[in-house]
Structure formats: C-alpha cells, structure tokens
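Everything below concerns the one structure shown next.
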Amino acid sequence: MLVPAFTVNLNQKLLAGRVTIGRYDGIHPCLTASTTRDKVLIHNPHQQLGTGGGRMSLNTSSSDVALLNINQSVTALVAGNLSTPGKNTDTLVVCTPTNVLAYDVQNNADVFYKEVSDGSNAVTIGRLWRHPTPLALVGGNCSVQGFDATGADMFWTTAGDNVTSLALTDFDADGENELLVGSEDFDIRVFKKDELLTEMAETEAVTGLCSVAGPRFAYSLTNGTVGVYQGSSRWWRIKSKNQAMCICSYDIDGDGVPELITGWSNGKLDARNDKSGEVVFKDNFDSTVAGIVKGDYRLDGKTQLLCCSVDGEIRGYQSSATESRYALLDMNIEQETLRELSQRRGALLMELKNYQENQRISSASAATGVLPGTGFCTSEGVAVIPANTQLQTGLTINMGDEALAKPPHVEIALATTNDTIIRAVIIFAEGIFEGESHVYHPKENNLSSSIRVPIFPPKDVPVDLHIKALVGYKGSQHHHVFELTRQLPRFSMYSLSKAPATPLPDSYVKFQLQERVARLVMWLNQSFLLLEDLKLGDDGGVSLKFICLRKGEPLHIEVTPTSRVSLHCDSMDLVADIIQSLASYLNLEDLEVEANFPAEVAELSSKVEPLTEYQNTRQKLSAELADNSGVIRGLIVRGEDARLMGDLVSMKQWYKEVMSINQSMINGYKIRCNNHQNLLACLKTINQTIQRAASLRVGKSKTAIVNSCRQAIKNNNFDLLLKVIGLRPTA
C-alpha cells in the first residue's frame, strides 16, 4: 500500500495535465510543471539550478525553484532522454500551439526550436519500433511528428482527428515499442512504425494514455471513463461524474505488477488493480490533481509516486515496508471476502423472501381462486410465470415516418412466448445512448407481450446490446428479469434498397481479391442487418444496393464471380470503413485499390490552393513583426536618452512613434492569428483526406501512401499530392 513520504508546497498555480519529471544532470530528478503564467517551473530540492539568464530565471523566494520563460501557452511537456546512447541526461520538450522547444536545462540552452504548422497538443519521448535513437513524438492537428535530438523530422503519420494523447508501449509483445494515439474522434490508434496496426473505438474523446505492463495500457476519456486494455481487448472500465485529469502506473504493493493511479478533477486520488479495476488505495487533495509522476525524488534508491495539485501542493508516496505490506494485503483479502459473502447473503435472503411471499399468496389463492387483496385469478398477481417462458429478440430496420417526424432507425423487437407481459426493458450499450443506457417503460394501457425499442447508432461500429427485461403479469408486484446480449452489426444503419433502378454514385473503389465469393457473402451477412441471409446470384456474383438511414446516401456493392469488388459511394469514410472491416475479416496483409472521388478532389483542391498563400503570409507577417520589434527597441533607447537629457519634446515624439508601431504590431498579430486559424483548417482537411485515402488501402500500400503524401507536402508539390493519394482514376 502507499505510505505518505513527504509534502512540499510550491506556492505556484499549475496547469492540469502538464507535469513531468526529469534528470537534467543525469543524477538529480527534478519535478517540472507548467504554470498559469506561461512559464515552466522546475523544482530541484537537491541543488540550485545554475544561474539565471536567457529563458531561465531563479525564484527569489525559493532557491529550489527555477522558471523558464516560454511566453506562449504551454499545451504539453515531457522530459526524457533524447541523447545518443551512453548519455543519461534528460531533455525537456515543451509544446506550444505553434512551436516545439527542446531545452537543455542543465546548460540553460535550447537544443532545438521548431515551428510546427500542424500544431502540438501532446508529446512523449522514447524509442519507436527499431529506430536507432529516441524521438520526441508530437501530436497535433490530425498528425504525429517525430523529432530526433537535432530537431530533424524523422517520423510523420496522420491521425483521424486532433491528437489529444500519446504513449509508447509494447502492444503486440514483440519486444519493440508501438505508438498509441488518442484523438478527438473517440478512437485509440496503434501504429507499428508508421503503419496503422489496429484501432479501438471509444465513446468520448481520449484525454490520457499510459503503459501499464507489457501489452496492457490504460486510457481516460472526457466523460470520466477510465479503463485498461490488454492488447485490443478491454479488461475493464469505470465511469465517474468527475473527469480524470491524469493517469500513471505504479506498483503500490511491491508484487511486481503496477496498479493504475488516477488523479481526478475533484481532487480525489485513487489506485486501482490493473486487472479488475478494484480500488486498493485512495486519498484526497483540496483542489484538482494536476499531474502524477514517479521517480527517486529522495535519492534513497526507492521510486516514489509524486502527485501535484493545481494549487502547487506536492505529495510524495512510497510503497509500504514488506512486513506491513503483507499484513495489509492479508487484511484486505479477508475484508474483501467478508464483503462479497455479505452481499451474496443479502441477495439470497431477498430472493428467499420473494419466493416465500409468492408461495404464501399462491397457497391462499388455491382455496378461494382469487388472490388476496388483488382480485386477480390464478397466479397473475405474483411473480410466478410458466417455466417454459422465453424471451425472443430480433433486429430490424424501420424506415421511419416523415408525417410523425420519425427518422429511419434500427429497432430491437422483444417478445415472450406466452401471455406474460414485458413491464420494462433496460439496454446497456456503448456510444449509442446518452449515459450508455436506455430504459424503455411502456405505459400501463400499452403493456403487452411484445415491444419494439428504437436505436440510432451514430457511428459504424459493432456494438454489444446488453438487455435486461422485466417479465410478469399486469398485476404482478415482482417480476422475473431476463438477461441476454445481442450484437448490432457494424453497418446496421444501411437498408437494402428496393428501388428498381437507381443511378450509381460518381465515386467508387475497385479492387481484386484472391478469395472465394462465398467468403465475401459470409462477411456481408455478418456486417449488415439483413432480413435473410444472402445467397450467390445465378452468375455466381453479388450485386447489392443500400441506402444510408442517416443521410440517405446510396451504397452499391458489386462482386463478380472472379472476386472483383466494386464499391460505389460518395462517402470516402464509409468506403474506408468497409474496406478495413473486410480486410480484418479476410486477414488481408496488403491491398491496392483503384479509387475515384471527384467531390473529395474538389474539396482538397480548394484547400490546397490557398495553403501556399497562407504560408507566405505567415512568413511575411513574422518578418514584419521581427523588424518592428527591432525598430521599437531603437526608439525606446532614443526616448530614454531624450528623457535623461531633459528633452521632453523629443522624448514625446519618440514614444508616439513607439505607440504607432505597437498598434501596427497588434493589428498585424490579429491578422496573423486569423491566418494561422485558416492555415490549421486547411492542414486539418488535408491530413484527414490523407488518412481517409490511406484507409482505402491495407498494409504496405497504405504506408506508401502516407509516406509519399508527406514528401509531397514537404516539397509543396500539391499536384503530386493529388496523384499520390490516387483519388483520380489512372489513364
């Protein structure tokens, strides 16, 4: 268990989620955090951090604290070893909305300072796959970049949306690190080198990722969810009304298996078993937890857990001694066993009480034929239902009713096999209902043995529907609970079209598979919500026409007897999802396609054309800002000289010019901000298009698209970019 070791108050306001620890001299660990004043605080209780000057300024009230002047809002920071092998000094990497700074704290010098057009929202340091040196991996506007110790751009790939968190872990247990990327589109993506290995869909934006042990990693979401994955399988998750501000792994009981430590927005700190999610330790701060890190902060050879609050309070914890640890462990096991047995006893007593009450009422009604106090005959007023009662379920598509403003949707139908009625239904499902659960309670006059519950899946992902139905009779005071699970197919929001002739969409993807058509038919039956299983046509092929229930877009799927597949649809996202689903089902390692998306080409061209203009404007405004800064410095010197000489007229003139140029710089800064937002919007569209185009392929073909697009963007060759993406058919 955790034992408090020390407490320190920095008397500084810290930003949540921007806390790290580093050995900048290779020996002494220093707690580093971002303050609310656009500065980075470095706390070193072991020795004074050199002298002030440059970016660093020493705190006059505390010799343990130094401040780095960043002069921009800090979006993320991390400390780690970026040096060549043999050196053990850490480098501090600070991210701002437009730049990445690698800083040598020990020597008070910049290692590199890079302008990042895609922005920088998250950062981590480590070895990615088999790269020879560590990289500073920076997540920004739908992209991830990797910089080495010299600032050279060594890695780049696209993400589906703005990157919010990064982590390195051995996802596939091959001894090499894979990159975990969390983004605002609710997905966790796993990259092996620069190839997308897999992705896991969540219910909200991902705010935190951290490696736990081996292929296990933890995650947190904006809605207060925290959980652990083992590879691509989720072991557990919990949801709180508070938001998880930071997560970290630390072995609190010395068993060699780290627990998950979580800091919450309400100041709560808890440790959970990584396999079950059970809380094994908790503490409370007076304010929001800003960050959690671990290191040998007392230089006693033991790793402590350091937790910081936004008010600047630091608490250090360490694992308890071996003797007390086992005593506490035995005590906890006994308490947990007693608690579980007590809960089981209470549940069994309640169940026995219900059975006794039902037996009493049934015995009383056997003599009179009427239930006491109800007026019901037979057993309709009690929880006794026929032993052969079954709950049947089915999934179907409802095309809606425009007159009733009822949009098309999926329905789950439930029915009993006799005259019992369904009193209520509770459905638990991720990403479909607000709060992840839905209660359907028919009115008293509408109770029957069958009901239909409408479902509106917002995304094309397979979802498990966990259903609990209360079954009994109208007069029953107690009901039987039926529990079952149904899986909603991934593409359930697409209905087979009965229109005799509909035009093919202009956009399409075509590719050849080395598979039997029968296997493709099996995938179609599993992935789409069909009333009956598909069968091969007379010619040995398949031709299907679907309508999207969300937007009414057509989707045509054609498979020839030779397994030549054609997908006609104007939504590149949908086609990419279909291809990735098919590739996963068939275990495809590589797939090249012929693609044509005129609408995507037009939109991409409209974003590419002004991109060069935005970049040139940005450079011009930056040069003007630098020139004006130099002019202002000269004018201030002249104004001060005039003041010292008593020439107040000249001093007034110089400072009027300073005010004029300053106003001009403010106007230029506003223009630069607007230009930067437009630039980010263009880059986001381009990166998302690259991501979608890459998702139309599988394996090496997919990786080649991303790498070639990156090279085209570096060279500002946007004509080549369109050709590389392959959104136009080849001649």
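Chain labels run A, B, ... following the order of the structure tokens; each chain numbers its residues from 1, and ligands are numbered from 1 in the order shown.
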
Every residue of region 365-582 of chain A that DSSP places in alpha helix (DSSP H), as a PyMOL selection string: chain A and resi 365-368+517-527+572-582

So that I can check the surroundings of region 298-311 of chain A, please list as a VMD selection string every protein, DNA and RNA residue that reaches within 10 Å of it, counting only C-alpha atoms and ignoring chain neighbours fewer than 3 positions away. chain A and resid 2 to 17 19 to 21 27 to 29 31 33 35 to 36 45 to 46 246 248 to 252 261 to 265 267 269 285 to 295 314 to 319

Near Asp506 (chain A), counting only C-alpha atoms, which residues have an atom at most 9 Å away, once you skip same-chain residues fewer than 6 positions from it, shown as number ranges by chain? A: 568-570, 596-599

Quote the spacing between CA of Val65 (chain A) and CA of Cys95 (chain A) in Å to one decimal place.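 Taking CA of Val65 (chain A) and CA of Cys95 (chain A), their separation equals 20.8 Å.
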
For Asn273 (chain A), list every protein, DNA or RNA residue within 7 Å, evaluated using only C-alpha atoms, and leave out those in the same chain fewer than 6 positions away; present the list as number ranges by chain. A: 259-260, 279-280

Write the residues you've just listed into a file as a tab-separated table (two decimals), in the first residue's frame, and include N, CA, C and O atoms for each of them.
chain	number	residue	atom	x	y	z
A	259	GLU	N	-0.12	-0.89	-10.41
A	259	GLU	CA	-1.53	-0.51	-10.37
A	259	GLU	C	-1.73	0.78	-11.17
A	259	GLU	O	-0.77	1.48	-11.49
A	260	LEU	N	-2.99	1.07	-11.48
A	260	LEU	CA	-3.32	2.29	-12.22
A	260	LEU	C	-3.65	3.40	-11.23
A	260	LEU	O	-4.59	3.27	-10.43
A	279	VAL	N	-10.65	-0.57	-6.45
A	279	VAL	CA	-9.89	0.48	-5.76
A	279	VAL	C	-9.14	-0.15	-4.59
A	279	VAL	O	-9.74	-0.80	-3.72
A	280	VAL	N	-7.82	0.05	-4.55
A	280	VAL	CA	-6.99	-0.50	-3.48
A	280	VAL	C	-6.36	0.60	-2.63
A	280	VAL	O	-5.75	0.31	-1.59
